[in-house]
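J.: Data file protein.pdb (PDB, C-alpha atoms and all ligand atoms) is appended below.
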ATOM      1  CA  MET K  48     -10.414 -10.154  24.367
ATOM      2  CA  ARG K  49     -11.017 -13.717  25.562
ATOM      3  CA  PRO K  50     -11.144 -13.838  29.396
ATOM      4  CA  HIS K  51      -8.628 -16.024  31.150
ATOM      5  CA  PRO K  52     -10.364 -19.389  31.709
ATOM      6  CA  ALA K  53      -8.961 -19.846  35.250
ATOM      7  CA  ALA K  54     -10.862 -16.741  36.330
ATOM      8  CA  PHE K  55     -14.187 -18.452  35.614
ATOM      9  CA  PRO K  56     -14.442 -21.765  37.576
ATOM     10  CA  HIS K  57     -17.351 -24.155  37.140
ATOM     11  CA  GLN K  58     -20.410 -23.499  39.311
ATOM     12  CA  ASP K  59     -19.382 -26.302  41.716
ATOM     13  CA  GLY K  60     -16.091 -24.497  42.345
ATOM     14  CA  THR K  61     -13.772 -26.777  40.345
ATOM     15  CA  PRO K  62     -11.493 -24.804  38.107
ATOM     16  CA  THR K  63     -11.867 -25.195  34.351
ATOM     17  CA  PRO K  64      -8.877 -26.809  32.650
ATOM     18  CA  PRO K  65      -6.642 -24.171  31.097
ATOM     19  CA  ARG K  66      -7.055 -23.874  27.347
ATOM     20  CA  PRO K  67      -3.986 -23.698  25.173
ATOM     21  CA  ARG K  68      -3.085 -20.144  24.248
ATOM     22  CA  ARG K  69      -3.925 -19.296  20.676
ATOM     23  CA  THR K  70      -1.722 -17.193  18.466
ATOM     24  CA  LEU K  71      -3.256 -14.647  16.125
ATOM     25  CA  THR K  72      -2.806 -16.082  12.653
ATOM     26  CA  VAL K  73      -3.965 -15.439   9.123
ATOM     27  CA  ALA K  74      -6.555 -17.928   7.852
ATOM     28  CA  ARG K  75      -5.319 -20.114   5.016
ATOM     29  CA  ASP K  76      -8.136 -19.016   2.731
ATOM     30  CA  SER K  77      -7.748 -15.317   3.564
ATOM     31  CA  PRO K  78      -7.296 -13.192   0.429
ATOM     32  CA  SER K  79      -5.033 -10.892   2.454
ATOM     33  CA  ARG K  80      -1.959 -11.955   4.418
ATOM     34  CA  LEU K  81      -2.082  -8.797   6.526
ATOM     35  CA  LEU K  82      -2.459  -9.452  10.227
ATOM     36  CA  ARG K  83      -4.025  -6.050  10.698
ATOM     37  CA  CYS K  84      -6.076  -5.324   7.628
ATOM     38  CA  ALA K  85      -6.081  -1.538   8.057
ATOM     39  CA  GLN K  86      -2.672   0.058   7.678
ATOM     40  CA  LEU K  87      -2.607   3.367   9.506
ATOM     41  CA  ALA K  88      -1.337   6.144   7.291
ATOM     42  CA  ARG K  89      -1.724   9.829   6.548
ATOM     43  CA  CYS K  90      -3.116  11.310   3.368
ATOM     44  CA  ARG K  91      -0.213  12.669   1.339
ATOM     45  CA  GLN K  92      -2.229  15.696   0.280
ATOM     46  CA  CYS K  93      -4.088  16.848   3.392
ATOM     47  CA  GLY K  94      -2.203  15.078   6.210
ATOM     48  CA  ASN K  95      -5.331  13.576   7.781
ATOM     49  CA  ARG K  96      -5.330  10.024   9.093
ATOM     50  CA  VAL K  97      -6.515   7.270   6.760
ATOM     51  CA  ASP K  98      -6.795   3.486   6.866
ATOM     52  CA  ARG K  99      -5.114   1.801   3.894
ATOM     53  CA  HIS K 100      -6.806  -1.408   2.795
ATOM     54  CA  THR K 101      -6.202  -3.908   0.048
ATOM     55  CA  THR K 102      -8.971  -4.167  -2.534
ATOM     56  CA  ALA K 103     -10.079  -6.817  -4.990
ATOM     57  CA  GLY K 104      -8.236  -4.795  -7.664
ATOM     58  CA  PRO K 105      -4.521  -4.050  -7.956
ATOM     59  CA  HIS K 106      -4.530  -0.766  -6.011
ATOM     60  CA  PRO K 107      -5.110  -0.331  -2.271
ATOM     61  CA  VAL K 108      -7.598   2.282  -1.117
ATOM     62  CA  SER K 109      -7.458   4.890   1.658
ATOM     63  CA  LEU K 110     -10.630   4.807   3.727
ATOM     64  CA  HIS K 111     -11.775   7.424   6.194
ATOM     65  CA  PRO K 112     -11.252   5.939   9.687
ATOM     66  CA  GLY K 113     -14.530   4.910  11.293
ATOM     67  CA  GLU K 114     -17.943   3.931  10.063
ATOM     68  CA  LEU K 115     -20.820   6.145   9.000
ATOM     69  CA  SER K 116     -24.538   5.448   9.013
ATOM     70  CA  VAL K 117     -25.785   4.446   5.561
ATOM     71  CA  VAL K 118     -28.658   6.882   6.100
ATOM     72  CA  LEU K 119     -26.162   9.700   5.677
ATOM     73  CA  VAL K 120     -24.106   8.276   2.821
ATOM     74  CA  PRO K 121     -25.456   7.855  -0.739
ATOM     75  CA  ALA K 122     -25.001   4.331  -2.109
ATOM     76  CA  HIS K 123     -22.280   5.229  -4.636
ATOM     77  CA  TYR K 124     -19.995   6.556  -1.874
ATOM     78  CA  ARG K 125     -20.231   3.428   0.313
ATOM     79  CA  TRP K 126     -17.435   0.928   0.940
ATOM     80  CA  HIS K 127     -17.388  -2.127   3.153
ATOM     81  CA  LEU K 128     -14.783  -4.554   4.424
ATOM     82  CA  ALA K 129     -14.901  -8.326   4.167
ATOM     83  CA  SER K 130     -12.034 -10.580   5.285
ATOM     84  CA  GLY K 131      -9.750  -7.572   5.405
ATOM     85  CA  VAL K 132     -10.453  -6.518   1.818
ATOM     86  CA  ALA K 133     -12.269  -3.276   0.947
ATOM     87  CA  TYR K 134     -15.113  -3.339  -1.599
ATOM     88  CA  PRO K 135     -16.730  -0.258  -3.183
ATOM     89  CA  ALA K 136     -20.304  -0.954  -2.058
ATOM     90  CA  GLY K 137     -22.364  -1.303   1.083
ATOM     91  CA  ASP K 138     -22.796  -4.751   2.626
ATOM     92  CA  GLY K 139     -26.475  -4.395   3.494
ATOM     93  CA  SER K 140     -25.787  -3.384   7.091
ATOM     94  CA  ARG K 141     -26.649  -0.017   8.641
ATOM     95  CA  TRP K 142     -23.037   1.104   8.574
ATOM     96  CA  CYS K 143     -20.500   1.732   5.855
ATOM     97  CA  ARG K 144     -17.093   3.202   5.191
ATOM     98  CA  ILE K 145     -16.185   5.923   2.699
ATOM     99  CA  ALA K 146     -13.068   6.541   0.630
ATOM    100  CA  HIS K 147     -10.925   9.317   2.016
ATOM    101  CA  SER K 148     -10.766  10.893  -1.465
ATOM    102  CA  THR K 149     -14.503  11.638  -1.170
ATOM    103  CA  VAL K 150     -13.886  14.002   1.730
ATOM    104  CA  CYS K 151     -10.208  14.929   1.263
ATOM    105  CA  PRO K 152     -10.116  18.731   1.478
ATOM    106  CA  MET K 153      -7.136  18.916  -0.885
ATOM    107  CA  THR K 154      -8.832  17.207  -3.817
ATOM    108  CA  ALA K 155     -11.604  18.653  -5.953
ATOM    109  CA  GLU K 156     -15.125  17.502  -5.143
ATOM    110  CA  SER K 157     -16.215  14.878  -7.645
ATOM    111  CA  GLY K 158     -19.824  16.002  -7.291
ATOM    112  CA  PRO K 159     -22.248  17.631  -4.877
ATOM    113  CA  LEU K 160     -21.784  16.046  -1.445
ATOM    114  CA  PRO K 161     -24.600  15.433   1.049
ATOM    115  CA  ASP K 162     -24.557  17.656   4.155
ATOM    116  CA  CYS K 163     -22.961  15.025   6.392
ATOM    117  CA  LEU K 164     -19.999  14.457   4.089
ATOM    118  CA  ARG K 165     -19.626  18.167   3.415
ATOM    119  CA  ALA K 166     -19.412  18.787   7.175
ATOM    120  CA  LEU K 167     -16.827  16.006   7.498
ATOM    121  CA  ARG K 168     -14.797  17.524   4.670
ATOM    122  CA  ARG K 169     -14.893  20.890   6.458
ATOM    123  CA  ARG K 170     -13.650  19.268   9.682
ATOM    124  CA  LEU K 171     -10.768  17.647   7.822
ATOM    125  CA  ALA K 172      -9.965  20.983   6.157
ATOM    126  CA  LEU K 173      -9.697  22.567   9.598
ATOM    127  CA  ARG K 174      -7.271  19.865  10.718
ATOM    128  CA  THR K 175      -5.223  20.399   7.575
ATOM    129  CA  ARG K 176      -5.112  24.139   8.261
ATOM    130  CA  ARG K 177      -4.044  23.473  11.863
ATOM    131  CA  LEU K 178      -1.342  21.102  10.628
ATOM    132  CA  ILE K 179       0.000  23.709   8.219
ATOM    133  CA  ASP K 180      -0.088  26.383  10.931
ATOM    134  CA  THR K 181       1.874  24.263  13.406
ATOM    135  CA  THR K 182       4.287  22.323  11.207
ATOM    136  CA  GLY K 183       4.403  24.355   8.001
ATOM    137  CA  SER K 184       3.167  21.494   5.852
ATOM    138  CA  THR K 185       0.500  18.828   5.781
ATOM    139  CA  THR K 186       2.949  15.956   5.819
ATOM    140  CA  GLN K 187       6.499  14.945   5.085
ATOM    141  CA  PRO K 188       7.495  15.406   1.428
ATOM    142  CA  SER K 189       5.414  13.002  -0.598
ATOM    143  CA  PRO K 190       7.390  10.244  -2.275
ATOM    144  CA  GLN K 191       4.718  10.272  -4.954
ATOM    145  CA  TYR K 192       5.843  13.664  -6.136
ATOM    146  CA  THR K 193       9.545  13.508  -5.367
ATOM    147  CA  ALA K 194      11.492  14.236  -8.496
ATOM    148  CA  PRO K 195      14.274  11.825  -9.393
ATOM    149  CA  ASP K 196      17.480  12.779  -7.597
ATOM    150  CA  ASP K 197      19.767  14.292 -10.218
ATOM    151  CA  SER K 198      22.929  13.705  -8.189
ATOM    152  CA  ASP K 199      22.956   9.967  -8.900
ATOM    153  CA  CYS K 200      19.929   9.669 -11.198
ATOM    154  CA  ARG K 201      18.513   7.145  -8.757
ATOM    155  CA  PRO K 202      14.705   7.238  -8.992
ATOM    156  CA  GLN K 203      12.964   7.693  -5.664
ATOM    157  CA  ARG K 204      10.096   5.665  -7.093
ATOM    158  CA  PRO K 205      11.707   3.067  -9.350
ATOM    159  CA  VAL K 206       9.833   1.212 -12.060
ATOM    160  CA  GLY K 207      10.406  -2.525 -11.755
ATOM    161  CA  GLN K 208       9.696  -5.333 -14.209
ATOM    162  CA  LEU K 209       8.992  -8.789 -12.841
ATOM    163  CA  LEU K 210       6.526 -11.604 -13.387
ATOM    164  CA  HIS K 211       5.646 -10.149 -16.830
ATOM    165  CA  THR K 212       4.360  -6.968 -15.186
ATOM    166  CA  ARG K 213       5.650  -3.455 -14.605
ATOM    167  CA  TYR K 214       5.379  -2.105 -11.086
ATOM    168  CA  LEU K 215       6.069   1.239  -9.465
ATOM    169  CA  ALA K 216       7.711   1.160  -6.039
ATOM    170  CA  THR K 217       7.014   3.690  -3.312
ATOM    171  CA  ARG K 218      10.705   3.894  -2.331
ATOM    172  CA  PRO K 219      14.191   3.181  -3.737
ATOM    173  CA  VAL K 220      14.901  -0.502  -4.325
ATOM    174  CA  GLU K 221      17.513  -0.709  -1.555
ATOM    175  CA  GLN K 222      14.965   0.572   1.004
ATOM    176  CA  ILE K 223      12.250  -1.986   0.273
ATOM    177  CA  GLN K 224      11.829  -3.916   3.498
ATOM    178  CA  CYS K 225      10.418  -7.346   4.284
ATOM    179  CA  THR K 226       6.739  -7.086   5.293
ATOM    180  CA  ALA K 227       6.625 -10.258   7.391
ATOM    181  CA  GLN K 228       5.957 -10.394  11.108
ATOM    182  CA  THR K 229       8.810 -11.839  13.148
ATOM    183  CA  ARG K 230       8.430 -14.184  16.120
ATOM    184  CA  HIS K 231       8.742 -11.098  18.347
ATOM    185  CA  ARG K 232       5.564  -9.707  16.698
ATOM    186  CA  THR K 233       7.442  -6.864  15.051
ATOM    187  CA  ARG K 234       8.016  -6.192  11.386
ATOM    188  CA  CYS K 235      11.123  -7.862   9.950
ATOM    189  CA  THR K 236      13.849  -5.269   9.383
ATOM    190  CA  GLN K 237      15.646  -7.194   6.632
ATOM    191  CA  PRO K 238      15.770  -5.634   3.171
ATOM    192  CA  VAL K 239      14.295  -7.668   0.342
ATOM    193  CA  LEU K 240      17.539  -7.053  -1.544
ATOM    194  CA  ALA K 241      19.528  -8.791   1.188
ATOM    195  CA  SER K 242      23.227  -9.435   0.861
ATOM    196  CA  GLY K 243      23.914 -12.493  -1.240
ATOM    197  CA  THR K 244      20.803 -12.002  -3.378
ATOM    198  CA  THR K 245      20.989 -11.054  -7.026
ATOM    199  CA  PRO K 246      20.105  -7.437  -7.776
ATOM    200  CA  GLY K 247      18.029  -6.415 -10.770
ATOM    201  CA  ARG K 248      19.496  -4.872 -13.903
ATOM    202  CA  TRP K 249      18.802  -1.250 -14.671
ATOM    203  CA  THR K 250      17.792  -1.147 -18.311
ATOM    204  CA  LEU K 251      16.401   1.503 -20.637
ATOM    205  CA  MET K 252      13.124   0.211 -22.060
ATOM    206  CA  PRO K 253      10.142   1.608 -23.978
ATOM    207  CA  PRO K 254       7.627   3.295 -21.631
ATOM    208  CA  THR K 255       5.130   0.517 -22.199
ATOM    209  CA  PRO K 256       5.900  -3.173 -22.683
ATOM    210  CA  HIS K 257       2.589  -3.602 -24.552
ATOM    211  CA  HIS K 258       3.514  -2.523 -28.048
ATOM    212  CA  HIS K 259      -0.001  -3.032 -29.378
ATOM    213  CA  SER K 260      -1.581  -0.872 -26.711
ATOM    214  CA  THR K 261      -3.689   1.962 -28.068
ATOM    215  CA  ARG K 262      -2.460   4.056 -25.143
ATOM    216  CA  GLN K 263       1.016   4.012 -26.596
ATOM    217  CA  LEU K 264      -0.058   6.548 -29.188
ATOM    218  CA  ALA K 265      -0.388   9.220 -26.511
ATOM    219  CA  LEU K 266       2.982   8.499 -24.920
ATOM    220  CA  PRO K 267       6.379   9.970 -25.593
ATOM    221  CA  SER K 268       8.669   7.390 -27.158
ATOM    222  CA  ARG K 269      11.715   8.065 -24.981
ATOM    223  CA  ASP K 270      12.938   5.005 -23.122
ATOM    224  CA  ILE K 271      12.644   4.895 -19.343
ATOM    225  CA  ALA K 272      14.908   3.347 -16.695
ATOM    226  CA  VAL K 273      13.446   0.025 -15.544
ATOM    227  CA  TYR K 274      14.766  -2.168 -12.747
ATOM    228  CA  ASP K 275      14.524  -5.456 -14.589
ATOM    229  CA  LEU K 276      14.186  -8.636 -12.508
ATOM    230  CA  THR K 277      13.007 -10.956 -15.264
ATOM    231  CA  HIS K 278      16.384 -12.752 -15.437
ATOM    232  CA  LEU K 279      15.797 -14.134 -11.920
ATOM    233  CA  ALA K 280      14.167 -17.500 -11.225
ATOM    234  CA  HIS K 281      10.365 -17.450 -11.009
ATOM    235  CA  SER K 282      10.403 -18.183  -7.263
ATOM    236  CA  GLU K 283      12.833 -15.321  -6.716
ATOM    237  CA  GLN K 284      10.597 -12.927  -8.662
ATOM    238  CA  ILE K 285       7.679 -14.015  -6.481
ATOM    239  CA  ARG K 286       9.804 -13.298  -3.395
ATOM    240  CA  ARG K 287      10.494  -9.760  -4.637
ATOM    241  CA  ARG K 288       6.826  -9.192  -5.476
ATOM    242  CA  THR K 289       5.537 -10.524  -2.150
ATOM    243  CA  GLN K 290       8.247  -8.446  -0.480
ATOM    244  CA  ARG K 291       9.848 -11.069   1.722
ATOM    245  CA  CYS K 292      13.461 -11.383   2.834
ATOM    246  CA  PRO K 293      15.134 -14.741   2.025
ATOM    247  CA  THR K 294      14.312 -16.043   5.528
ATOM    248  CA  HIS K 295      10.623 -15.200   5.384
ATOM    249  CA  ALA K 296      10.186 -16.208   1.746
ATOM    250  CA  ALA K 297       9.964 -19.804   2.922
ATOM    251  CA  THR K 298       7.776 -19.028   5.952
ATOM    252  CA  THR K 299       4.328 -18.863   4.462
ATOM    253  CA  ALA K 300       2.756 -18.916   7.936
ATOM    254  CA  ALA K 301       4.229 -15.515   8.843
ATOM    255  CA  PRO K 302       1.586 -12.845   8.312
ATOM    256  CA  ASP K 303       2.319  -9.438   6.810
ATOM    257  CA  LEU K 304       2.468  -6.295   8.887
ATOM    258  CA  ALA K 305       2.475  -3.855   5.979
ATOM    259  CA  LEU K 306       1.208  -3.507   2.453
ATOM    260  CA  ALA K 307       3.753  -4.184  -0.289
ATOM    261  CA  ASP K 308       5.612  -1.198  -1.711
ATOM    262  CA  TRP K 309       4.810  -2.202  -5.301
ATOM    263  CA  GLU K 310       1.780  -1.035  -7.241
ATOM    264  CA  PRO K 311       1.026  -1.747 -10.909
ATOM    265  CA  PHE K 312       2.761   0.784 -13.138
ATOM    266  CA  ASP K 313       0.576   2.887 -15.403
ATOM    267  CA  SER K 314       2.657   4.476 -18.162
ATOM    268  CA  LEU K 315       0.252   7.417 -18.515
ATOM    269  CA  LEU K 316      -0.524   8.009 -14.859
ATOM    270  CA  HIS K 317       3.049   7.603 -13.618
ATOM    271  CA  HIS K 318       4.878   9.110 -16.579
ATOM    272  CA  ALA K 319       6.106  12.144 -14.587
ATOM    273  CA  LEU K 320       7.833   9.830 -12.092
ATOM    274  CA  THR K 321       9.915   7.924 -14.611
ATOM    275  CA  ALA K 322      13.636   8.458 -15.147
ATOM    276  CA  THR K 323      15.169   8.427 -18.613
ATOM    277  CA  ARG K 324      18.736   7.819 -17.472
ATOM    278  CA  LEU K 325      20.275   4.787 -15.844
ATOM    279  CA  PRO K 326      21.360   5.183 -12.182
ATOM    280  CA  THR K 327      24.660   3.397 -12.869
ATOM    281  CA  ASN K 328      25.419   5.603 -15.838
ATOM    282  CA  PRO K 329      24.281   9.071 -14.794
ATOM    283  CA  ARG K 330      24.726  10.948 -18.058
ATOM    284  CA  PRO K 331      24.389   8.466 -20.937
ATOM    285  CA  HIS K 332      22.780  11.033 -23.191
ATOM    286  CA  HIS K 333      25.370  13.788 -22.609
TER     287      HIS K 333
HETATM  288 ZN    ZN K 401      -6.533  13.923   2.109
HETATM  289 ZN    ZN K 402      11.887 -11.017   6.742
END
For this file, produce the structure as structure tokens.

T.:
Amino acid sequence: MRPHPAAFPHQDGTPTPPRPRRTLTVARDSPSRLLRCAQLARCRQCGNRVDRHTTAGPHPVSLHPGELSVVLVPAHYRWHLASGVAYPAGDGSRWCRIAHSTVCPMTAESGPLPDCLRALRRRLALRTRRLIDTTGSTTQPSPQYTAPDDSDCRPQRPVGQLLHTRYLATRPVEQIQCTAQTRHRTRCTQPVLASGTTPGRWTLMPPTPHHHSTRQLALPSRDIAVYDLTHLAHSEQIRRRTQRCPTHAATTAAPDLALADWEPFDSLLHHALTATRLPTNPRPHH
């Protein structure tokens, strides 16, 4: 923290002129708009703490909190951070980060781990065991594996289509909240689907929009429920994707306090999460 200038007068005793207070802001050329690049979270499988970071690719990554000496970590396990973005390599320094999945005790080992990482994995396994002993589970029910609610056929993880791309949300559309920081330094509580804004249209669509994809061959042909936003103006689709309420959509200076709830939809990977009925018409096939 920068010391208060008045506390350090010049050597002749005259006080230094007070400097204007600076506000923490996001640099204009920053690839991330997050004020705090690491988003504290818990692993959905083992319940241990992780730092979520944006990456150069479409998916964020969960890193193990804290740095490790590169002496202990083989090169292919190393990650580093630059300007708030995580990259899967070392940065030439003596320290590095590792992906939580490397040491997550609830996922299978991808290969033989060095002693240091094996010991870390054992420590995390102990914490997971303690968590299960005290609370009965590692974490709250994972939205990733929540089945669609049959009572209203409303997907807990809706598939959205906007800006020529399919996305998978981490929560129901109505619960997606603005990520911007308010003037009170707290996260804006407004929903992105604020009153007065146009909702998307639930539509049954083929599981993949890319009809020439070779992956399509492996997919079932049944249509899935998609929250279609493509009828909205381009600027409005950008607002939904950047996850801003109408007020903060225009305030580009406001940094983000959370990662967006959208991730690119993969028709193979996320197939089990898709709904084949429309929420507004619960039993169209019956
Ligand atoms: Zn884990
Ligand atoms: Zn807002």

J.: Let me make sure I understand: among K:Ala322, K:Leu160, K:Leu81, K:Ala155, which one has the smallest atom-to-atom distance to K:Ala227 if we use all atoms listed in the file?

T.: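 The shortest atom-to-atom distance to K:Ala227 comes from K:Leu81.
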
J.: Please return as a compact mmCIF listing (two decimals) with C-alpha atoms, in the frame of the given file the residues found within 6 Å of ligand ZN 401 (chain K), counting only C-alpha atoms and all ligand atoms.

T.:
# COMPACT_ATOMS: atom_id res chain seq x y z
CA CYS K 90 -3.12 11.31 3.37
CA GLN K 92 -2.23 15.70 0.28
CA CYS K 93 -4.09 16.85 3.39
CA ASN K 95 -5.33 13.58 7.78
CA CYS K 151 -10.21 14.93 1.26
CA MET K 153 -7.14 18.92 -0.88

J.: For ligand ZN 402 (chain K), list the contacting residues at 9 Å or closer, counting all atoms listed in the file, as JSON, numbers by chain.

T.: {"K": [224, 225, 226, 227, 228, 229, 234, 235, 236, 237, 238, 239, 290, 291, 292, 293, 294, 295, 296]}

J.: Evaluate the PyMOL selection byres (((chain K and resi 94) around 12) and not hetatm) against this structure - the residues, as an NGL selection string, please.

T.: :K and (88-93 or 95-97 or 147 or 151-153 or 171-179 or 182-189)

J.: Could you tell me, as a list of chain:residue names, exactly which residues end up selected when the PyMOL selection byres (((chain K and resi 316-318) around 10) and not hetatm) is applied to this structure?

T.: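 On the file shown, the PyMOL selection byres (((chain K and resi 316-318) around 10) and not hetatm) covers K:Gln191, K:Arg204, K:Val206, K:Leu215, K:Pro254, K:Leu266, K:Pro267, K:Ile271, K:Pro311, K:Phe312, K:Asp313, K:Ser314, K:Leu315, K:Ala319, K:Leu320, K:Thr321, K:Ala322.
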
J.: Run the PyMOL selection byres (((chain K and resi 104) around 12) and not hetatm) on the file and write out the hits as an MDAnalysis selection string.

T.: chainID K and resid 78 100:103 105:108 132:135 310:311

J.: Find the spatial neighbours of K:Pro161, counting all atoms listed in the file, within a cut-off of 9 Å - ignore same-chain residues fewer than 6 positions away - and output them as a list in words.

T.: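 These residues fall inside the cut-off: Leu119, Val120 and Pro121 of chain K.
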
J.: Choose the residue, out of K:Arg80, K:Arg324, K:Arg141, K:Arg168, that has the smallest atom-to-atom separation from K:Thr250; count all atoms listed in the file.

T.: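 So, comparing all the options, the nearest one is K:Arg324.
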
J.: Using all atoms listed in the file, which of K:Arg170, K:Arg213, K:His127, K:Arg287 sits nearest K:Thr244?

T.: K:Arg287

J.: Quick one: pull the distance between atom CA of K:Thr298 and atom CA of K:Trp249, Å, one decimal.

T.: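 One can read the atom CA of K:Thr298 to atom CA of K:Trp249 distance as 29.4 Å.
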
J.: Tell me which of K:Leu306, K:Leu167, K:Ala297, K:Leu325 sits closest to K:Gln86, counting only C-alpha atoms.

T.: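 With only C-alpha atoms as the atom set, the closest residue is K:Leu306.
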
J.: Which of these, K:Ala301, K:Cys163, K:Ala129, K:Val220, has the shortest distance to K:Arg248 once you count only C-alpha atoms?

T.: K:Val220

J.: Using all atoms listed in the file, which residue out of K:Leu210, K:Leu240, K:Leu279, K:Leu110 lies closest to K:Leu128?

T.: K:Leu110

J.: To one decimal place, how far is atom CA of K:His278 from atom CA of K:Pro302 in Å?

T.: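 Answer for the atom CA of K:His278 to atom CA of K:Pro302 separation: 28.0 Å.
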
J.: Mind pulling up the distance from atom CA of K:Ala300 to atom CA of K:Arg230?

T.: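 Between atom CA of K:Arg230 and atom CA of K:Ala300 the gap works out to 11.0 Å.
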